[in-house]
file query-v9.tsv (TSV, C-alpha atoms)
chain	number	residue	atom	x	y	z
A	1	MET	CA	-48.50	-111.17	-171.56
A	2	THR	CA	-48.90	-108.79	-174.48
A	3	LYS	CA	-49.36	-110.32	-177.92
A	4	ASN	CA	-46.87	-108.66	-180.26
A	5	LEU	CA	-46.70	-111.09	-183.18
A	6	ASN	CA	-48.89	-110.97	-186.26
A	7	THR	CA	-50.08	-113.98	-188.25
A	8	LEU	CA	-47.12	-113.90	-190.64
A	9	GLU	CA	-44.60	-113.82	-187.80
A	10	ARG	CA	-46.35	-116.66	-185.97
A	11	THR	CA	-46.48	-118.77	-189.12
A	12	ALA	CA	-42.79	-118.14	-189.76
A	13	ARG	CA	-41.95	-119.35	-186.27
A	14	LEU	CA	-43.98	-122.53	-186.72
A	15	VAL	CA	-42.17	-123.27	-189.98
A	16	LEU	CA	-38.78	-122.66	-188.36
A	17	ALA	CA	-39.75	-124.85	-185.41
A	18	LEU	CA	-40.70	-127.67	-187.79
A	19	ILE	CA	-37.46	-127.35	-189.77
A	20	LEU	CA	-35.39	-127.52	-186.59
A	21	LEU	CA	-37.42	-130.45	-185.26
A	22	ILE	CA	-36.75	-132.42	-188.45
A	23	ALA	CA	-33.05	-131.55	-188.29
A	24	GLY	CA	-32.88	-132.68	-184.67
A	25	LEU	CA	-34.66	-135.96	-185.34
A	26	PHE	CA	-32.91	-137.03	-188.51
A	27	ILE	CA	-29.67	-135.13	-189.03
A	28	PHE	CA	-27.83	-134.11	-185.87
A	29	GLN	CA	-26.12	-137.02	-184.14
A	30	ASP	CA	-24.46	-135.27	-181.22
A	31	ILE	CA	-26.73	-135.36	-178.16
A	32	PHE	CA	-25.91	-131.78	-177.16
A	33	ALA	CA	-26.70	-130.54	-180.67
A	34	LYS	CA	-30.00	-132.42	-180.56
A	35	ILE	CA	-30.93	-130.90	-177.20
A	36	ALA	CA	-30.02	-127.39	-178.36
A	37	VAL	CA	-32.04	-127.75	-181.57
A	38	PHE	CA	-35.06	-129.18	-179.75
A	39	VAL	CA	-34.98	-126.37	-177.17
A	40	ILE	CA	-34.78	-123.68	-179.84
A	41	SER	CA	-37.52	-125.41	-181.83
A	42	ALA	CA	-39.72	-125.46	-178.73
A	43	LEU	CA	-39.07	-121.76	-178.11
A	44	PHE	CA	-40.05	-120.92	-181.68
A	45	ALA	CA	-43.23	-122.96	-181.31
A	46	LEU	CA	-44.01	-121.38	-177.94
A	47	GLU	CA	-43.66	-117.89	-179.36
A	48	ALA	CA	-46.00	-118.83	-182.21
A	49	ILE	CA	-48.59	-120.28	-179.83
A	50	LEU	CA	-48.46	-117.37	-177.39
A	51	ALA	CA	-48.11	-114.75	-180.16
A	52	HIS	CA	-45.40	-113.13	-178.09
A	53	CYS	CA	-41.74	-112.52	-178.87
A	54	TRP	CA	-39.18	-111.84	-176.17
A	55	SER	CA	-37.18	-109.45	-178.33
A	56	LEU	CA	-33.54	-108.64	-177.91
A	57	PRO	CA	-32.84	-104.98	-177.17
A	58	LYS	CA	-32.30	-102.82	-180.21
A	59	ILE	CA	-28.66	-102.11	-181.03
A	60	SER	CA	-27.69	-98.65	-182.22
A	61	GLY	CA	-26.62	-98.67	-185.84
A	62	GLY	CA	-28.02	-102.14	-186.28
A	63	LYS	CA	-29.73	-101.23	-189.51
A	64	TYR	CA	-26.36	-100.90	-191.25
A	65	ALA	CA	-25.27	-104.34	-190.06
A	66	LEU	CA	-28.58	-105.84	-191.16
A	67	ALA	CA	-28.42	-104.11	-194.53
A	68	GLY	CA	-24.83	-105.25	-195.04
A	69	MET	CA	-25.65	-108.85	-194.17
A	70	GLN	CA	-28.67	-108.72	-196.41
A	71	PHE	CA	-26.59	-107.39	-199.30
A	72	VAL	CA	-24.10	-110.25	-198.90
A	73	PHE	CA	-26.90	-112.81	-198.94
A	74	GLY	CA	-28.43	-111.11	-201.96
A	75	TYR	CA	-25.10	-111.20	-203.76
A	76	ILE	CA	-24.66	-114.93	-203.04
A	77	TRP	CA	-28.17	-115.88	-204.15
A	78	PHE	CA	-28.12	-113.64	-207.21
A	79	LEU	CA	-24.79	-114.95	-208.51
A	80	GLY	CA	-25.86	-118.53	-207.84
A	81	GLY	CA	-29.13	-118.04	-209.70
A	82	VAL	CA	-27.58	-116.26	-212.69
A	83	HIS	CA	-24.92	-118.96	-212.97
A	84	LYS	CA	-27.59	-121.67	-213.03
A	85	ILE	CA	-29.68	-119.78	-215.59
A	86	PHE	CA	-26.83	-119.49	-218.09
A	87	ASP	CA	-25.16	-122.83	-217.39
A	88	PRO	CA	-26.74	-125.52	-219.61
A	89	VAL	CA	-25.07	-128.26	-217.57
A	90	PHE	CA	-27.18	-127.36	-214.54
A	91	ALA	CA	-30.41	-128.15	-216.37
A	92	GLU	CA	-29.00	-131.16	-218.20
A	93	LYS	CA	-27.72	-132.89	-215.08
A	94	PHE	CA	-30.33	-131.64	-212.62
A	95	SER	CA	-32.15	-134.98	-212.30
A	96	GLN	CA	-28.87	-136.86	-211.83
A	97	THR	CA	-27.77	-134.40	-209.17
A	98	ILE	CA	-31.04	-134.73	-207.27
A	99	ALA	CA	-30.84	-138.53	-207.43
A	100	PHE	CA	-27.31	-138.34	-206.01
A	101	PHE	CA	-28.52	-136.14	-203.14
A	102	ALA	CA	-31.36	-138.54	-202.38
A	103	LYS	CA	-29.25	-141.70	-202.52
A	104	ASP	CA	-27.86	-141.68	-198.97
A	105	ASN	CA	-30.23	-139.14	-197.45
A	106	PRO	CA	-31.39	-140.36	-194.00
A	107	ILE	CA	-34.54	-138.22	-194.10
A	108	LYS	CA	-36.88	-140.73	-195.73
A	109	PHE	CA	-39.75	-138.42	-196.60
A	110	TYR	CA	-37.37	-135.81	-198.01
A	111	SER	CA	-35.53	-138.42	-200.03
A	112	ASP	CA	-38.87	-139.62	-201.42
A	113	TYR	CA	-39.80	-136.03	-202.22
A	114	LEU	CA	-36.56	-135.54	-204.16
A	115	LEU	CA	-36.95	-138.77	-206.10
A	116	ASN	CA	-40.69	-138.74	-206.74
A	117	SER	CA	-41.58	-135.08	-207.03
A	118	VAL	CA	-38.45	-133.15	-207.97
A	119	THR	CA	-37.02	-135.58	-210.50
A	120	ALA	CA	-40.45	-136.21	-212.03
A	121	ASN	CA	-40.92	-132.48	-212.60
A	122	SER	CA	-37.29	-131.53	-213.05
A	123	TRP	CA	-37.89	-128.80	-215.63
A	124	ILE	CA	-40.19	-126.96	-213.22
A	125	TYR	CA	-37.66	-127.17	-210.41
A	126	VAL	CA	-34.84	-126.07	-212.69
A	127	ILE	CA	-36.78	-122.87	-213.33
A	128	LEU	CA	-37.81	-122.47	-209.70
A	129	VAL	CA	-34.29	-122.93	-208.36
A	130	SER	CA	-32.39	-120.87	-210.92
A	131	TYR	CA	-34.78	-117.97	-211.38
A	132	GLY	CA	-35.93	-118.16	-207.76
A	133	GLU	CA	-32.37	-117.67	-206.51
A	134	ALA	CA	-31.76	-114.78	-208.91
A	135	ILE	CA	-35.00	-113.01	-207.99
A	136	LEU	CA	-34.44	-113.56	-204.27
A	137	GLY	CA	-30.91	-112.21	-204.56
A	138	ALA	CA	-31.95	-109.13	-206.52
A	139	SER	CA	-34.75	-108.45	-204.04
A	140	LEU	CA	-32.38	-108.67	-201.07
A	141	ILE	CA	-29.90	-106.30	-202.71
A	142	ILE	CA	-32.57	-103.71	-203.55
A	143	LEU	CA	-34.16	-103.96	-200.12
A	144	SER	CA	-30.79	-103.62	-198.39
A	145	ALA	CA	-30.34	-100.29	-200.16
A	146	LEU	CA	-33.81	-99.18	-199.10
A	147	LEU	CA	-33.06	-100.08	-195.48
A	148	VAL	CA	-30.19	-97.61	-195.46
A	149	TRP	CA	-31.32	-94.82	-197.76
A	150	SER	CA	-35.12	-94.74	-197.54
A	151	LYS	CA	-36.31	-91.49	-195.97
A	152	GLY	CA	-40.05	-91.82	-195.54
A	153	ALA	CA	-41.30	-93.78	-192.54
A	154	ARG	CA	-43.83	-95.66	-194.63
A	155	LEU	CA	-41.28	-96.71	-197.26
A	156	ARG	CA	-38.79	-97.75	-194.60
A	157	LYS	CA	-41.38	-99.81	-192.74
A	158	SER	CA	-42.31	-101.57	-195.97
A	159	ALA	CA	-38.62	-102.21	-196.70
A	160	VAL	CA	-38.15	-103.72	-193.23
A	161	MET	CA	-41.17	-106.01	-193.54
A	162	LEU	CA	-40.26	-107.13	-197.06
A	163	SER	CA	-36.67	-107.69	-195.96
A	164	MET	CA	-37.86	-109.88	-193.11
A	165	ILE	CA	-39.94	-111.95	-195.53
A	166	ALA	CA	-37.03	-112.21	-197.98
A	167	MET	CA	-34.65	-113.37	-195.25
A	168	LEU	CA	-37.17	-115.97	-194.13
A	169	VAL	CA	-37.38	-117.20	-197.72
A	170	SER	CA	-33.58	-117.31	-197.72
A	171	ALA	CA	-33.62	-119.34	-194.50
A	172	PHE	CA	-36.21	-121.72	-195.98
A	173	ALA	CA	-34.14	-122.18	-199.14
A	174	SER	CA	-30.99	-122.80	-197.11
A	175	ALA	CA	-32.84	-125.35	-194.99
A	176	ASN	CA	-33.94	-127.21	-198.11
A	177	PHE	CA	-30.42	-127.23	-199.49
A	178	PHE	CA	-29.21	-128.45	-196.10
A	179	PHE	CA	-31.73	-131.29	-196.03
A	180	ALA	CA	-30.69	-132.29	-199.55
A	181	THR	CA	-26.90	-131.97	-199.26
A	182	HIS	CA	-25.98	-132.25	-195.57
A	183	GLN	CA	-24.29	-135.62	-196.14
A	184	ILE	CA	-21.74	-133.91	-198.41
A	185	GLN	CA	-18.87	-132.68	-196.28
A	186	GLY	CA	-18.65	-128.90	-196.14
A	187	THR	CA	-21.80	-128.18	-198.13
A	188	GLY	CA	-24.22	-128.97	-195.33
A	189	SER	CA	-22.34	-126.81	-192.84
A	190	LEU	CA	-22.41	-123.81	-195.17
A	191	ASN	CA	-26.14	-124.12	-195.76
A	192	MET	CA	-26.81	-124.47	-192.04
A	193	LEU	CA	-24.71	-121.37	-191.39
A	194	MET	CA	-26.72	-119.44	-193.98
A	195	PHE	CA	-29.93	-120.73	-192.42
A	196	TRP	CA	-29.03	-119.47	-188.95
A	197	VAL	CA	-27.74	-116.10	-190.10
A	198	ALA	CA	-30.84	-115.53	-192.23
A	199	THR	CA	-33.11	-116.60	-189.38
A	200	LEU	CA	-31.43	-114.31	-186.86
A	201	SER	CA	-31.49	-111.46	-189.37
A	202	ALA	CA	-35.22	-111.99	-189.88
A	203	TYR	CA	-35.69	-111.87	-186.10
A	204	ALA	CA	-33.74	-108.64	-185.90
A	205	LEU	CA	-35.78	-107.15	-188.74
A	206	ALA	CA	-39.00	-108.17	-186.98
A	207	ASN	CA	-37.75	-106.40	-183.87
A	208	GLU	CA	-36.86	-103.37	-185.97
A	209	SER	CA	-40.37	-103.23	-187.44
A	210	ARG	CA	-41.99	-103.32	-184.00
A	211	SER	CA	-39.76	-100.54	-182.70
A	212	LYS	CA	-41.08	-98.05	-185.25

call {"tool": "encode", "arguments": {"input": "query-v9.tsv", "output": "structure tokens"}}
result
Amino acid sequence: MTKNLNTLERTARLVLALILLIAGLFIFQDIFAKIAVFVISALFALEAILAHCWSLPKISGGKYALAGMQFVFGYIWFLGGVHKIFDPVFAEKFSQTIAFFAKDNPIKFYSDYLLNSVTANSWIYVILVSYGEAILGASLIILSALLVWSKGARLRKSAVMLSMIAMLVSAFASANFFFATHQIQGTGSLNMLMFWVATLSAYALANESRSK
């Protein structure tokens, strides 16, 4: 079996496997959902251990779909971040909001993290969340343009790799929002949807980078 994953790609798979394992253990109640999540988590972990990815075949014109999806994600993150930066209420009520999220959270260690770490250093997390979302969004938008219009092979390859990293960061952020807010009807589902789309986009970008 040929090893076709680098250290970054293997690490990303281990992180995704861990996120899914936690979701399966603490969040999903339906037995079929649990089984599906555990199987996918195991596959991610197996790929990381074997350093081999069983890639889906490349789809013609896929770069436009990936770039479009990436632009949409960038737009969502950028607007969310800018809104938080200029909304004084976000910073003022941040600790209260986090305490509310932690109140009925079934994931004990994550609830403790929210209460003990996030609320204790709320000003740091206010900056990280607001400016982090804005920077992530702007990066995704710029990289989506480079995916479509970059001419040089070297620039395009860099754009693909950076896009993959940015989408993994997006997936990680969505997973954290999901862990924090999944008990709120509607919010958790949206974050999980964003997590899966970002994860699959990152996979497709990884496949794109290997095909060059």

call {"tool": "residues_around", "arguments": {"input": "query-v9.tsv", "residues": "Trp123 (chain A)", "least_positions_apart": "6", "cutoff": "12 Å", "atoms": "all atoms listed in the file", "output": "PyMOL selection string"}}
result
chain A and resi 90-95+117+129-130

call {"tool": "residues_around", "arguments": {"input": "query-v9.tsv", "residues": "Leu50 (chain A)", "least_positions_apart": "2", "cutoff": "10 Å", "atoms": "all atoms listed in the file", "output": "MDAnalysis selection string"}}
result
chainID A and resid 1:5 10 45:48 52:53

call {"tool": "atom_distance", "arguments": {"input": "query-v9.tsv", "atom1": "CA of Asn105 (chain A)", "atom2": "CA of Ser189 (chain A)"}}
result
15.3 Å

call {"tool": "atom_distance", "arguments": {"input": "query-v9.tsv", "atom1": "CA of Val37 (chain A)", "atom2": "CA of Val169 (chain A)"}}
result
20.0 Å

call {"tool": "atom_distance", "arguments": {"input": "query-v9.tsv", "atom1": "CA of Lys108 (chain A)", "atom2": "CA of Leu43 (chain A)"}}
result
26.0 Å

call {"tool": "closest_residue", "arguments": {"input": "query-v9.tsv", "among": "A:Leu136, A:Ala102, A:Ile76, A:Leu14", "to": "Thr181 (chain A)", "atoms": "all atoms listed in the file"}}
result
A:Ala102

call {"tool": "closest_residue", "arguments": {"input": "query-v9.tsv", "among": "A:Glu133, A:Ile98, A:Ile165, A:Phe73", "to": "Ala120 (chain A)", "atoms": "all atoms listed in the file"}}
result
A:Ile98

call {"tool": "closest_residue", "arguments": {"input": "query-v9.tsv", "among": "A:Ala202, A:Ala67, A:Val39, A:Met164", "to": "Ser144 (chain A)", "atoms": "all atoms listed in the file"}}
result
A:Ala67
